[in-house]
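> The following block contains the structure, expressed as structure tokens.
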Amino acid sequence: MKHLQVAALQNGTVIDHIPADKLFKVFSILNLESCSETITVGNNLNSDTLGKKGIIKISDRFFEEDETNKIALIAPKAKINIIKEYEVVEKRPLELPEDVREIVQCPNPACITNHQPVKTYFHVINEDGKNMLKCHYCEREVKLEEVKIR
């Protein structure tokens, strides 16, 4: 018998297939702690593909693509589903944004962003199928899997 582990959503956004250890980073990257809508969070749910996964359901909230694409930095295989009247009306693929601002810390201790009130700014680069971020200020490159979220 199959049953829902998390209640159905009438209208809003579902972020599914988040690796369990990345759930709260996704929550943070979308600034959901300041969200006034109802949010359902499930973590360590059973998943055939991930073993354990996280899911976030946000009632009556629809994100712009540039917001959801930030998720690709930490959970590139996550799925975004837009729900209206209990039906999935859109499945949005994640794509890395061209630029990333204010959410990633520069790994270079000498970078101005680590010493002055300057917001971080990275360019996404793809070389030989490997995604990396390049700091706009010091030009330090960091592998996507090594990114430190602020």
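By convention here, the chains of the structure tokens are called A, B, ... in the order presented, each chain's residues are numbered starting at 1, and ligands are numbered starting at 1 in the order presented.
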Do a neighbour search on Pro93 (chain A) at 10 Å with only C-alpha atoms, toss out local chain neighbours closer than 4 positions, and write the hits as a list of chain:residue names.
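Surrounding residues, per the criterion: A:Glu65, A:Thr68, A:Asn69, A:Ala72, A:Pro76, A:Lys77, A:Ala78, A:Lys79, A:Ile80, A:Asn81.
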> Create the file for the chosen residues now, containing N, CA and C atoms and written as a CSV table (one decimal), in the first residue's frame.

```
chain,number,residue,atom,x,y,z
A,65,GLU,N,12.3,31.8,-11.9
A,65,GLU,CA,13.4,30.8,-12.3
A,65,GLU,C,14.7,31.2,-11.7
A,68,THR,N,14.9,29.7,-8.2
A,68,THR,CA,15.0,28.3,-8.1
A,68,THR,C,16.3,27.8,-8.7
A,69,ASN,N,16.8,28.5,-9.7
A,69,ASN,CA,18.1,28.1,-10.2
A,69,ASN,C,19.2,28.1,-9.2
A,72,ALA,N,20.3,24.9,-7.8
A,72,ALA,CA,21.3,24.0,-8.6
A,72,ALA,C,22.7,24.1,-8.1
A,76,PRO,N,21.7,20.0,-7.5
A,76,PRO,CA,21.4,20.1,-8.9
A,76,PRO,C,20.4,19.2,-9.5
A,77,LYS,N,20.1,18.1,-8.7
A,77,LYS,CA,19.1,17.1,-9.2
A,77,LYS,C,17.8,17.2,-8.5
A,78,ALA,N,17.6,18.3,-7.7
A,78,ALA,CA,16.3,18.6,-7.1
A,78,ALA,C,15.3,18.8,-8.2
A,79,LYS,N,14.0,18.6,-7.9
A,79,LYS,CA,12.9,18.8,-8.8
A,79,LYS,C,12.0,19.9,-8.3
A,80,ILE,N,11.6,20.8,-9.1
A,80,ILE,CA,10.7,21.9,-8.8
A,80,ILE,C,9.4,21.6,-9.5
A,81,ASN,N,8.3,21.6,-8.7
A,81,ASN,CA,7.0,21.3,-9.2
A,81,ASN,C,6.1,22.5,-8.8
```
> For Pro19 (chain A), list every protein, DNA or RNA residue within 7 Å, evaluated using only C-alpha atoms, and leave out those in the same chain fewer than 3 positions away; present the list as a PyMOL selection string.
chain A and resi 22-23+50+52-54+75
> At what distance in Å, to one decimal, does CA of Ser47 (chain A) lie from CA of Gly129 (chain A)?
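About the pair CA of Gly129 (chain A) and CA of Ser47 (chain A): they are 27.2 Å apart.
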> Quick one: residues within 9 Å of Tyr86 (chain A), only C-alpha atoms, excluding same-chain residues fewer than 4 positions away - as a PyMOL selection string?
chain A and resi 8-11
> Keeping only N, CA and C atoms, write those residues as a short mmCIF file (atom, residue, chain, number, x, y, z; two decimals), in the first residue's frame.

```cif
data_model
loop_
_atom_site.label_atom_id
_atom_site.label_comp_id
_atom_site.auth_asym_id
_atom_site.auth_seq_id
_atom_site.Cartn_x
_atom_site.Cartn_y
_atom_site.Cartn_z
N ALA A 8 -0.73 16.63 0.73
CA ALA A 8 -0.83 17.26 -0.58
C ALA A 8 -0.94 18.78 -0.43
N LEU A 9 -0.54 19.48 -1.49
CA LEU A 9 -0.52 20.94 -1.51
C LEU A 9 -1.56 21.42 -2.53
N GLN A 10 -2.40 22.38 -2.13
CA GLN A 10 -3.42 22.89 -3.06
C GLN A 10 -2.79 23.80 -4.11
N ASN A 11 -2.04 24.82 -3.67
CA ASN A 11 -1.37 25.77 -4.56
C ASN A 11 -0.02 26.10 -3.98
#
```
> Could you tell me which of A:His115, A:Thr120, A:Asn126, A:Cys106 comes closest to Arg140 (chain A) if we count only C-alpha atoms?
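Looking at the shortest contact to Arg140 (chain A), the residue is A:Cys106.
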> CA of Gly51 (chain A) and CA of Asp16 (chain A), how far apart in Å?
13.4 Å
> Name the residues of chain A that fall into alpha helix (DSSP H) according to DSSP on the backbone, using the chain letters and numbers of this document, as a VMD selection string.
chain A and resid 23 to 29 65 to 69
> Taking C-alpha atoms for each residue, export the selection above as a tab-separated table (two decimals), in the first residue's frame.

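As written to disk, part_5.tsv reads:
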```tsv
chain	number	residue	atom	x	y	z
A	23	LEU	CA	17.81	20.44	2.77
A	24	PHE	CA	18.50	23.29	5.17
A	25	LYS	CA	20.95	24.95	2.77
A	26	VAL	CA	18.18	25.02	0.16
A	27	PHE	CA	15.83	26.44	2.81
A	28	SER	CA	18.38	29.16	3.56
A	29	ILE	CA	19.31	29.98	-0.05
A	65	GLU	CA	13.36	30.82	-12.31
A	66	ASP	CA	16.41	32.79	-11.17
A	67	GLU	CA	15.44	32.01	-7.56
A	68	THR	CA	14.96	28.29	-8.10
A	69	ASN	CA	18.09	28.05	-10.23
```
> Write down as a VMD selection string the residues belonging to region 4-136 of chain A that are assigned strand (DSSP E) by DSSP computed on the backbone.
chain A and resid 12 to 19 39 to 47 51 to 59 79 to 84 87 to 92 99 to 101 104 to 105 121 to 127 130 to 135
> Can you pull out the residues contacting Glu139 (chain A)? Cut-off 12 Å, using only C-alpha atoms, and skip same-chain residues under 2 positions away; I want them as a PyMOL selection string.
chain A and resi 106-108+110-113+120-125+132-137+141-142
> From the options A:Pro109, A:Pro117, A:Leu96, A:Asn43, which residue's atoms come nearest to Lys130 (chain A), counting only C-alpha atoms?
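So, comparing all the options, the nearest one is A:Leu96.
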> Have a look at A:Ser34, A:Ser59, A:Gln116, A:Gln105 and name the one nearest to Val14 (chain A); count only C-alpha atoms.
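The closest residue to Val14 (chain A) is A:Ser59.
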> One number please: CA of Arg61 (chain A) to CA of Asn46 (chain A), in Å, one decimal.
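Going from CA of Arg61 (chain A) over to CA of Asn46 (chain A) covers 25.6 Å.
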> Quick one: of A:Glu37, A:Glu90, A:Asp128, A:Asp21, who's nearest to Ile55 (chain A), counting only C-alpha atoms?
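Using only C-alpha atoms, Ile55 (chain A) sits closest to A:Asp21.
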